[in-house]
>>> print(open('entry_21.pdb').read())   # PDB, C-alpha atoms
ATOM      1  CA  MET A   1       0.000   0.000   0.000
ATOM      2  CA  GLY A   2       1.368   3.390  -0.957
ATOM      3  CA  ALA A   3       1.341   6.558   1.070
ATOM      4  CA  ALA A   4      -1.625   7.949  -0.859
ATOM      5  CA  SER A   5      -3.760   4.879  -0.127
ATOM      6  CA  ALA A   6      -2.663   4.808   3.500
ATOM      7  CA  GLN A   7      -3.910   8.352   3.955
ATOM      8  CA  LEU A   8      -7.458   7.022   3.428
ATOM      9  CA  ASP A   9      -7.180   4.873   6.549
ATOM     10  CA  PRO A  10      -8.977   6.735   9.386
ATOM     11  CA  ASP A  11      -6.582   5.218  11.917
ATOM     12  CA  VAL A  12      -3.651   6.639   9.977
ATOM     13  CA  GLN A  13      -5.302  10.028  10.362
ATOM     14  CA  LEU A  14      -5.534   9.448  14.109
ATOM     15  CA  MET A  15      -1.850   8.541  14.222
ATOM     16  CA  LEU A  16      -0.964  11.691  12.289
ATOM     17  CA  ARG A  17      -2.772  13.655  14.997
ATOM     18  CA  VAL A  18      -0.714  11.789  17.609
ATOM     19  CA  GLN A  19       2.403  12.818  15.680
ATOM     20  CA  GLN A  20       1.678  16.534  15.871
ATOM     21  CA  GLY A  21       3.140  18.815  18.513
ATOM     22  CA  GLU A  22       3.467  17.166  21.904
ATOM     23  CA  GLY A  23       1.136  14.382  20.790
ATOM     24  CA  ASP A  24      -2.655  14.260  20.694
ATOM     25  CA  ALA A  25      -3.487  12.192  23.780
ATOM     26  CA  VAL A  26      -7.152  11.850  22.830
ATOM     27  CA  ALA A  27      -6.300  10.416  19.418
ATOM     28  CA  PHE A  28      -3.786   8.060  21.028
ATOM     29  CA  GLU A  29      -6.403   6.823  23.488
ATOM     30  CA  GLN A  30      -8.771   6.171  20.575
ATOM     31  CA  LEU A  31      -6.134   4.015  18.871
ATOM     32  CA  ILE A  32      -5.510   2.103  22.089
ATOM     33  CA  ALA A  33      -9.237   1.490  22.528
ATOM     34  CA  ALA A  34      -9.545   0.281  18.933
ATOM     35  CA  TYR A  35      -6.561  -2.092  18.917
ATOM     36  CA  GLN A  36      -5.767  -3.130  22.478
ATOM     37  CA  THR A  37      -8.036  -6.201  22.520
ATOM     38  CA  ARG A  38      -7.042  -7.285  19.005
ATOM     39  CA  LEU A  39      -3.353  -6.966  19.774
ATOM     40  CA  LEU A  40      -3.749  -8.814  23.070
ATOM     41  CA  ARG A  41      -5.453 -11.727  21.331
ATOM     42  CA  VAL A  42      -2.656 -12.124  18.791
ATOM     43  CA  LEU A  43       0.174 -11.747  21.303
ATOM     44  CA  GLN A  44      -1.479 -14.127  23.757
ATOM     45  CA  HIS A  45      -1.564 -16.811  21.068
ATOM     46  CA  LEU A  46       2.080 -16.087  20.287
ATOM     47  CA  VAL A  47       3.518 -16.169  23.813
ATOM     48  CA  GLY A  48       1.019 -18.521  25.475
ATOM     49  CA  SER A  49       0.391 -16.312  28.499
ATOM     50  CA  GLU A  50      -2.259 -13.659  29.048
ATOM     51  CA  ALA A  51      -0.177 -11.857  31.684
ATOM     52  CA  VAL A  52       2.907 -11.723  29.461
ATOM     53  CA  ALA A  53       0.783 -10.631  26.493
ATOM     54  CA  GLU A  54      -0.691  -7.777  28.541
ATOM     55  CA  ASP A  55       2.818  -6.547  29.345
ATOM     56  CA  LEU A  56       3.804  -6.794  25.680
ATOM     57  CA  VAL A  57       0.730  -4.822  24.587
ATOM     58  CA  GLN A  58       1.819  -2.014  26.907
ATOM     59  CA  GLU A  59       5.313  -2.201  25.407
ATOM     60  CA  VAL A  60       3.893  -1.982  21.878
ATOM     61  CA  PHE A  61       1.878   1.143  22.601
ATOM     62  CA  LEU A  62       4.825   2.664  24.434
ATOM     63  CA  ARG A  63       6.909   2.123  21.291
ATOM     64  CA  VAL A  64       4.162   3.662  19.164
ATOM     65  CA  TRP A  65       4.179   6.777  21.359
ATOM     66  CA  ARG A  66       7.965   7.035  21.322
ATOM     67  CA  ALA A  67       8.071   6.569  17.540
ATOM     68  CA  ARG A  68       5.333   9.100  16.788
ATOM     69  CA  LYS A  69       7.690  11.842  15.579
ATOM     70  CA  ASN A  70       9.203   9.543  12.943
ATOM     71  CA  TYR A  71       5.936   7.939  11.861
ATOM     72  CA  GLN A  72       5.523   7.594   8.092
ATOM     73  CA  PRO A  73       2.044   6.617   6.797
ATOM     74  CA  THR A  74       3.161   4.149   4.121
ATOM     75  CA  ALA A  75       0.761   1.376   5.171
ATOM     76  CA  LYS A  76      -2.473   0.876   7.066
ATOM     77  CA  PHE A  77      -2.102   1.673  10.739
ATOM     78  CA  ALA A  78      -3.012  -1.924  11.654
ATOM     79  CA  THR A  79      -0.166  -3.241   9.513
ATOM     80  CA  TRP A  80       2.343  -0.903  11.174
ATOM     81  CA  LEU A  81       1.048  -1.712  14.663
ATOM     82  CA  PHE A  82       1.148  -5.486  14.181
ATOM     83  CA  HIS A  83       4.635  -5.150  12.731
ATOM     84  CA  ILE A  84       5.733  -3.597  16.029
ATOM     85  CA  GLY A  85       3.795  -6.256  17.924
ATOM     86  CA  HIS A  86       5.484  -9.032  15.977
ATOM     87  CA  ASN A  87       8.939  -7.607  16.757
ATOM     88  CA  VAL A  88       8.131  -7.177  20.450
ATOM     89  CA  ALA A  89       6.780 -10.736  20.748
ATOM     90  CA  SER A  90       9.724 -12.191  18.805
ATOM     91  CA  ASN A  91      12.182 -10.463  21.121
ATOM     92  CA  ALA A  92      10.328 -11.723  24.192
ATOM     93  CA  LEU A  93      10.288 -15.298  22.922
ATOM     94  CA  ARG A  94      13.949 -15.157  21.972
ATOM     95  CA  ASP A  95      14.917 -13.844  25.418
ATOM     96  CA  ARG A  96      12.935 -16.576  27.135
ATOM     97  CA  ARG A  97      14.502 -19.281  24.994
ATOM     98  CA  ARG A  98      17.937 -17.983  25.896
ATOM     99  CA  ARG A  99      17.112 -18.287  29.589
ATOM    100  CA  LYS A 100      15.537 -21.687  28.981
ATOM    101  CA  GLU A 101      12.450 -20.551  30.878
ATOM    102  CA  TYR A 102       9.956 -20.827  28.024
ATOM    103  CA  GLN A 103       8.537 -23.986  26.486
ATOM    104  CA  ILE A 104       6.007 -23.505  23.727
ATOM    105  CA  THR A 105       3.806 -26.435  24.771
ATOM    106  CA  SER A 106       4.193 -26.252  28.543
ATOM    107  CA  ASN A 107       1.317 -23.849  29.111
ATOM    108  CA  THR A 108      -1.432 -22.332  27.057
ATOM    109  CA  SER A 109      -3.314 -19.235  28.184
ATOM    110  CA  GLU A 110      -3.241 -18.738  31.949
ATOM    111  CA  SER A 111      -6.992 -18.342  31.785
ATOM    112  CA  SER A 112      -7.584 -21.744  30.190
ATOM    113  CA  ALA A 113      -6.778 -25.397  30.716
ATOM    114  CA  GLY A 114      -6.184 -26.649  27.229
ATOM    115  CA  MET A 115      -5.650 -30.217  26.069
ATOM    116  CA  SER A 116      -1.972 -31.030  25.791
ATOM    117  CA  LEU A 117      -0.436 -31.874  22.433
ATOM    118  CA  GLU A 118       0.421 -35.320  23.791
ATOM    119  CA  GLN A 119      -3.261 -35.914  24.525
ATOM    120  CA  MET A 120      -4.208 -34.624  21.080
ATOM    121  CA  ALA A 121      -1.745 -36.959  19.381
ATOM    122  CA  LEU A 122      -3.024 -39.908  21.436
ATOM    123  CA  ALA A 123      -6.625 -39.129  20.591
ATOM    124  CA  ALA A 124      -5.814 -38.668  16.916
ATOM    125  CA  SER A 125      -4.120 -42.059  16.834
ATOM    126  CA  GLY A 126      -7.185 -43.771  18.265
ATOM    127  CA  GLY A 127      -5.567 -44.391  21.627
ATOM    128  CA  MET A 128      -8.044 -42.173  23.462
ATOM    129  CA  PRO A 129     -11.813 -42.699  23.323
ATOM    130  CA  VAL A 130     -13.550 -39.954  21.358
ATOM    131  CA  ARG A 131     -16.483 -38.210  23.002
ATOM    132  CA  LYS A 132     -18.578 -35.170  22.258
ATOM    133  CA  LEU A 133     -16.590 -32.067  23.096
ATOM    134  CA  ASP A 134     -18.050 -28.918  24.592
ATOM    135  CA  LEU A 135     -17.276 -25.453  23.269
ATOM    136  CA  ALA A 136     -14.424 -24.803  25.713
ATOM    137  CA  GLU A 137     -12.770 -28.125  24.890
ATOM    138  CA  ARG A 138     -13.032 -27.492  21.147
ATOM    139  CA  ALA A 139     -11.467 -24.070  21.629
ATOM    140  CA  SER A 140      -8.659 -25.654  23.674
ATOM    141  CA  ILE A 141      -7.947 -28.192  20.929
ATOM    142  CA  VAL A 142      -7.671 -25.495  18.266
ATOM    143  CA  ARG A 143      -5.589 -23.264  20.562
ATOM    144  CA  ALA A 144      -3.163 -26.092  21.397
ATOM    145  CA  ALA A 145      -2.778 -26.950  17.709
ATOM    146  CA  VAL A 146      -2.106 -23.320  16.761
ATOM    147  CA  GLU A 147       0.443 -22.983  19.569
ATOM    148  CA  ALA A 148       2.244 -26.088  18.282
ATOM    149  CA  LEU A 149       3.219 -24.187  15.141
ATOM    150  CA  ASN A 150       6.519 -22.385  14.969
ATOM    151  CA  GLU A 151       6.467 -18.664  15.682
ATOM    152  CA  ARG A 152       6.370 -17.426  12.083
ATOM    153  CA  GLN A 153       3.686 -19.870  10.961
ATOM    154  CA  ARG A 154       1.594 -18.970  13.998
ATOM    155  CA  MET A 155       1.905 -15.234  13.404
ATOM    156  CA  ALA A 156       0.988 -15.509   9.729
ATOM    157  CA  LEU A 157      -2.021 -17.681  10.552
ATOM    158  CA  LEU A 158      -3.256 -15.372  13.304
ATOM    159  CA  LEU A 159      -3.003 -12.301  11.074
ATOM    160  CA  CYS A 160      -4.720 -14.092   8.206
ATOM    161  CA  ASN A 161      -7.514 -15.973   9.944
ATOM    162  CA  PHE A 162      -8.217 -13.819  12.973
ATOM    163  CA  GLU A 163      -7.221 -10.306  11.906
ATOM    164  CA  ARG A 164      -8.200 -10.877   8.251
ATOM    165  CA  LEU A 165      -5.139  -9.098   6.910
ATOM    166  CA  SER A 166      -4.350  -9.577   3.230
ATOM    167  CA  TYR A 167      -1.264 -11.455   2.077
ATOM    168  CA  GLN A 168       0.355  -8.128   1.213
ATOM    169  CA  GLU A 169      -0.413  -6.687   4.645
ATOM    170  CA  ILE A 170       0.952  -9.795   6.378
ATOM    171  CA  ALA A 171       4.089  -9.553   4.239
ATOM    172  CA  GLU A 172       4.571  -5.936   5.315
ATOM    173  CA  THR A 173       3.925  -6.832   8.945
ATOM    174  CA  MET A 174       6.455  -9.681   8.978
ATOM    175  CA  ASP A 175       9.060  -8.254   6.571
ATOM    176  CA  LEU A 176       8.493 -11.094   4.106
ATOM    177  CA  SER A 177       7.564 -11.463   0.467
ATOM    178  CA  VAL A 178       3.973 -12.295  -0.419
ATOM    179  CA  GLN A 179       5.140 -15.683  -1.706
ATOM    180  CA  ALA A 180       6.875 -16.409   1.599
ATOM    181  CA  VAL A 181       3.650 -15.587   3.440
ATOM    182  CA  LYS A 182       1.691 -17.956   1.218
ATOM    183  CA  SER A 183       4.259 -20.697   1.872
ATOM    184  CA  LEU A 184       4.089 -20.108   5.629
ATOM    185  CA  LEU A 185       0.317 -20.310   5.615
ATOM    186  CA  SER A 186       0.347 -23.432   3.471
ATOM    187  CA  ARG A 187       2.732 -25.220   5.833
ATOM    188  CA  ALA A 188       0.787 -24.025   8.870
ATOM    189  CA  ARG A 189      -2.474 -25.437   7.507
ATOM    190  CA  VAL A 190      -0.845 -28.767   6.632
ATOM    191  CA  ASN A 191       0.495 -29.020  10.184
ATOM    192  CA  LEU A 192      -2.840 -28.075  11.715
ATOM    193  CA  LYS A 193      -4.688 -30.577   9.560
ATOM    194  CA  THR A 194      -2.552 -33.409  10.937
ATOM    195  CA  LEU A 195      -3.832 -32.737  14.462
ATOM    196  CA  LEU A 196      -7.322 -31.415  13.792
ATOM    197  CA  GLN A 197      -8.594 -33.595  10.951
ATOM    198  CA  PRO A 198      -9.486 -36.598  13.173
ATOM    199  CA  TYR A 199     -11.731 -34.356  15.266
ATOM    200  CA  ILE A 200     -13.366 -32.937  12.143
ATOM    201  CA  ASP A 201     -13.859 -36.412  10.655
ATOM    202  CA  ASP A 202     -15.608 -37.800  13.730
ATOM    203  CA  GLY A 203     -17.776 -34.699  14.111
ATOM    204  CA  SER A 204     -16.419 -33.594  17.481
ATOM    205  CA  LEU A 205     -14.864 -30.487  15.914
ATOM    206  CA  PRO A 206     -17.072 -28.715  13.349
ATOM    207  CA  PRO A 207     -15.141 -27.516  10.256
ATOM    208  CA  GLY A 208     -16.117 -23.937  11.041
ATOM    209  CA  ASP A 209     -14.160 -24.116  14.292
ATOM    210  CA  SER A 210     -10.918 -24.889  12.484
ATOM    211  CA  PRO A 211      -8.506 -22.350  10.960
ATOM    212  CA  ILE A 212      -7.337 -24.925   8.408
ATOM    213  CA  GLU A 213      -9.095 -23.511   5.363
ATOM    214  CA  ALA A 214      -7.644 -20.546   3.508
ATOM    215  CA  ASN A 215      -9.470 -17.243   3.525
ATOM    216  CA  PRO A 216     -11.280 -16.345   0.304
TER     217      PRO A 216
END
>>> encode(input="entry_21.pdb", output="structure tokens")
Amino acid sequence: MGAASAQLDPDVQLMLRVQQGEGDAVAFEQLIAAYQTRLLRVLQHLVGSEAVAEDLVQEVFLRVWRARKNYQPTAKFATWLFHIGHNVASNALRDRRRRKEYQITSNTSESSAGMSLEQMALAASGGMPVRKLDLAERASIVRAAVEALNERQRMALLLCNFERLSYQEIAETMDLSVQAVKSLLSRARVNLKTLLQPYIDDGSLPPGDSPIEANP
């Protein structure tokens, strides 16, 4: 997206107000209100912890405020914001791996008790009796499968299926080519299908609950 097209984004206009003078606090608060929940959802899926994600959301908006003077409206505001969010989350995950304190499958959201990947694999192999799953259990299965993906596949999938960003917007967010984004999404869906297809086949997980299919 070029600068001219970006100017049509109302959130870009809000950010340009934030850029002026000492910063338009009202405009900044409007952006926070519009994106805080969306950003939290994506980062929570990435880092596997609601508390950590909340801290990262604060870090993202702090970076937005600090960067306001140098802001250039060359893309939709959402694309720019999620680009910052992706960098912040990547740094946090890298730091945790270095300290050997973070394991991607050890915990899902602190507010949920998801099915472990070991349980999912056992059930998929027929080693666990299949029963009708309630809504929370279905959500836990999908969440655990998404969190089993590597960081880049997970981010691309979240931006595509939950934030409904275009391939071009995802590419700009993740500093990738459009073709690389398509490849990431293709591999992510293949990996998800391996774990989720048995639940779809036996009817315990409706197809609409799965992020396997590509967006139109």
>>> atom_distance(input="entry_21.pdb", atom1="CA of Pro73 in chain A", atom2="CA of Met15 in chain A")
8.6 Å
>>> closest_residue(input="entry_21.pdb", among="A:Ile141, A:Leu157, A:Leu165, A:Leu176", to="Val190 in chain A", atoms="only C-alpha atoms")
A:Leu157
>>> residues_around(input="entry_21.pdb", residues="Gly85 in chain A", least_positions_apart="6", cutoff="12 Å", atoms="all atoms listed in the file", output="number ranges by chain")
A: 35-36, 38-44, 46-47, 53-64, 78-79, 91-92, 155, 159, 173-174
>>> resolve_selection(input="entry_21.pdb", expression="the PyMOL selection byres ((chain A and resi 65) around 12)", output="MDAnalysis selection string")
chainID A and resid 15:20 22:25 27:29 31:32 58:64 66:71 81 84
>>> axis_aligned_box(input="entry_21.pdb", around="range 181-195 of chain A", padding_each_side="8 Å", output="JSON")
{"center_x": -0.2, "center_y": -24.5, "center_z": 7.8, "size_x": 24.9, "size_y": 33.8, "size_z": 29.2}
>>> atom_distance(input="entry_21.pdb", atom1="CA of Glu151 in chain A", atom2="CA of Ser90 in chain A")
7.9 Å
>>> closest_residue(input="entry_21.pdb", among="A:Lys193, A:Arg143, A:Arg187, A:Arg152", to="Ile170 in chain A", atoms="only C-alpha atoms")
A:Arg152
>>> atom_distance(input="entry_21.pdb", atom1="CA of Gln179 in chain A", atom2="CA of His86 in chain A")
18.9 Å
>>> closest_residue(input="entry_21.pdb", among="A:Ala89, A:Leu149, A:Ala156, A:Ala34", to="Val178 in chain A", atoms="only C-alpha atoms")
A:Ala156
>>> closest_residue(input="entry_21.pdb", among="A:Asn87, A:Ser140, A:Asn191, A:Ser177", to="Gln153 in chain A", atoms="only C-alpha atoms")
A:Asn191
>>> build_atoms(input="entry_21.pdb", residues="range 154-182 of chain A", atoms="N, CA and C atoms", output="PDB file, in the coordinates of the input")
ATOM      1  N   ARG A 154       2.672 -19.371  13.101  1.00  0.00           N
ATOM      2  CA  ARG A 154       1.594 -18.970  13.998  1.00  0.00           C
ATOM      3  C   ARG A 154       1.191 -17.523  13.746  1.00  0.00           C
ATOM      4  N   MET A 155       2.194 -16.650  13.619  1.00  0.00           N
ATOM      5  CA  MET A 155       1.905 -15.234  13.404  1.00  0.00           C
ATOM      6  C   MET A 155       1.170 -15.028  12.084  1.00  0.00           C
ATOM      7  N   ALA A 156       1.638 -15.665  11.033  1.00  0.00           N
ATOM      8  CA  ALA A 156       0.988 -15.509   9.729  1.00  0.00           C
ATOM      9  C   ALA A 156      -0.457 -15.999   9.786  1.00  0.00           C
ATOM     10  N   LEU A 157      -0.673 -17.128  10.458  1.00  0.00           N
ATOM     11  CA  LEU A 157      -2.021 -17.681  10.552  1.00  0.00           C
ATOM     12  C   LEU A 157      -2.942 -16.780  11.358  1.00  0.00           C
ATOM     13  N   LEU A 158      -2.447 -16.258  12.468  1.00  0.00           N
ATOM     14  CA  LEU A 158      -3.256 -15.372  13.304  1.00  0.00           C
ATOM     15  C   LEU A 158      -3.656 -14.110  12.547  1.00  0.00           C
ATOM     16  N   LEU A 159      -2.701 -13.522  11.826  1.00  0.00           N
ATOM     17  CA  LEU A 159      -3.003 -12.301  11.074  1.00  0.00           C
ATOM     18  C   LEU A 159      -3.970 -12.572   9.937  1.00  0.00           C
ATOM     19  N   CYS A 160      -3.859 -13.759   9.334  1.00  0.00           N
ATOM     20  CA  CYS A 160      -4.720 -14.092   8.206  1.00  0.00           C
ATOM     21  C   CYS A 160      -6.130 -14.476   8.652  1.00  0.00           C
ATOM     22  N   ASN A 161      -6.221 -15.406   9.594  1.00  0.00           N
ATOM     23  CA  ASN A 161      -7.514 -15.973   9.944  1.00  0.00           C
ATOM     24  C   ASN A 161      -8.263 -15.207  11.019  1.00  0.00           C
ATOM     25  N   PHE A 162      -7.544 -14.530  11.901  1.00  0.00           N
ATOM     26  CA  PHE A 162      -8.217 -13.819  12.973  1.00  0.00           C
ATOM     27  C   PHE A 162      -8.284 -12.318  12.730  1.00  0.00           C
ATOM     28  N   GLU A 163      -7.226 -11.744  12.183  1.00  0.00           N
ATOM     29  CA  GLU A 163      -7.221 -10.306  11.906  1.00  0.00           C
ATOM     30  C   GLU A 163      -7.647 -10.000  10.474  1.00  0.00           C
ATOM     31  N   ARG A 164      -7.740 -11.028   9.639  1.00  0.00           N
ATOM     32  CA  ARG A 164      -8.200 -10.877   8.251  1.00  0.00           C
ATOM     33  C   ARG A 164      -7.336  -9.908   7.450  1.00  0.00           C
ATOM     34  N   LEU A 165      -6.047  -9.905   7.723  1.00  0.00           N
ATOM     35  CA  LEU A 165      -5.139  -9.098   6.910  1.00  0.00           C
ATOM     36  C   LEU A 165      -4.901  -9.798   5.576  1.00  0.00           C
ATOM     37  N   SER A 166      -4.650  -9.019   4.545  1.00  0.00           N
ATOM     38  CA  SER A 166      -4.350  -9.577   3.230  1.00  0.00           C
ATOM     39  C   SER A 166      -2.940 -10.143   3.227  1.00  0.00           C
ATOM     40  N   TYR A 167      -2.620 -10.927   2.199  1.00  0.00           N
ATOM     41  CA  TYR A 167      -1.264 -11.455   2.077  1.00  0.00           C
ATOM     42  C   TYR A 167      -0.238 -10.326   2.037  1.00  0.00           C
ATOM     43  N   GLN A 168      -0.564  -9.256   1.313  1.00  0.00           N
ATOM     44  CA  GLN A 168       0.355  -8.128   1.213  1.00  0.00           C
ATOM     45  C   GLN A 168       0.561  -7.472   2.575  1.00  0.00           C
ATOM     46  N   GLU A 169      -0.514  -7.314   3.327  1.00  0.00           N
ATOM     47  CA  GLU A 169      -0.413  -6.687   4.645  1.00  0.00           C
ATOM     48  C   GLU A 169       0.383  -7.570   5.613  1.00  0.00           C
ATOM     49  N   ILE A 170       0.178  -8.881   5.534  1.00  0.00           N
ATOM     50  CA  ILE A 170       0.952  -9.795   6.378  1.00  0.00           C
ATOM     51  C   ILE A 170       2.426  -9.721   6.007  1.00  0.00           C
ATOM     52  N   ALA A 171       2.698  -9.663   4.703  1.00  0.00           N
ATOM     53  CA  ALA A 171       4.089  -9.553   4.239  1.00  0.00           C
ATOM     54  C   ALA A 171       4.749  -8.295   4.798  1.00  0.00           C
ATOM     55  N   GLU A 172       4.027  -7.182   4.781  1.00  0.00           N
ATOM     56  CA  GLU A 172       4.571  -5.936   5.315  1.00  0.00           C
ATOM     57  C   GLU A 172       4.762  -6.024   6.825  1.00  0.00           C
ATOM     58  N   THR A 173       3.837  -6.690   7.497  1.00  0.00           N
ATOM     59  CA  THR A 173       3.925  -6.832   8.945  1.00  0.00           C
ATOM     60  C   THR A 173       5.134  -7.650   9.354  1.00  0.00           C
ATOM     61  N   MET A 174       5.424  -8.722   8.589  1.00  0.00           N
ATOM     62  CA  MET A 174       6.455  -9.681   8.978  1.00  0.00           C
ATOM     63  C   MET A 174       7.760  -9.521   8.206  1.00  0.00           C
ATOM     64  N   ASP A 175       7.849  -8.484   7.379  1.00  0.00           N
ATOM     65  CA  ASP A 175       9.060  -8.254   6.571  1.00  0.00           C
ATOM     66  C   ASP A 175       9.374  -9.452   5.690  1.00  0.00           C
ATOM     67  N   LEU A 176       8.354  -9.939   4.992  1.00  0.00           N
ATOM     68  CA  LEU A 176       8.493 -11.094   4.106  1.00  0.00           C
ATOM     69  C   LEU A 176       7.921 -10.748   2.741  1.00  0.00           C
ATOM     70  N   SER A 177       8.221 -11.600   1.763  1.00  0.00           N
ATOM     71  CA  SER A 177       7.564 -11.463   0.467  1.00  0.00           C
ATOM     72  C   SER A 177       6.172 -12.080   0.551  1.00  0.00           C
ATOM     73  N   VAL A 178       5.309 -11.710  -0.378  1.00  0.00           N
ATOM     74  CA  VAL A 178       3.973 -12.295  -0.419  1.00  0.00           C
ATOM     75  C   VAL A 178       4.065 -13.802  -0.619  1.00  0.00           C
ATOM     76  N   GLN A 179       4.986 -14.252  -1.469  1.00  0.00           N
ATOM     77  CA  GLN A 179       5.140 -15.683  -1.706  1.00  0.00           C
ATOM     78  C   GLN A 179       5.571 -16.406  -0.441  1.00  0.00           C
ATOM     79  N   ALA A 180       6.442 -15.791   0.342  1.00  0.00           N
ATOM     80  CA  ALA A 180       6.875 -16.409   1.599  1.00  0.00           C
ATOM     81  C   ALA A 180       5.712 -16.531   2.574  1.00  0.00           C
ATOM     82  N   VAL A 181       4.840 -15.532   2.590  1.00  0.00           N
ATOM     83  CA  VAL A 181       3.650 -15.587   3.440  1.00  0.00           C
ATOM     84  C   VAL A 181       2.741 -16.735   3.012  1.00  0.00           C
ATOM     85  N   LYS A 182       2.527 -16.868   1.716  1.00  0.00           N
ATOM     86  CA  LYS A 182       1.691 -17.956   1.218  1.00  0.00           C
ATOM     87  C   LYS A 182       2.277 -19.312   1.595  1.00  0.00           C
TER      88      LYS A 182
END
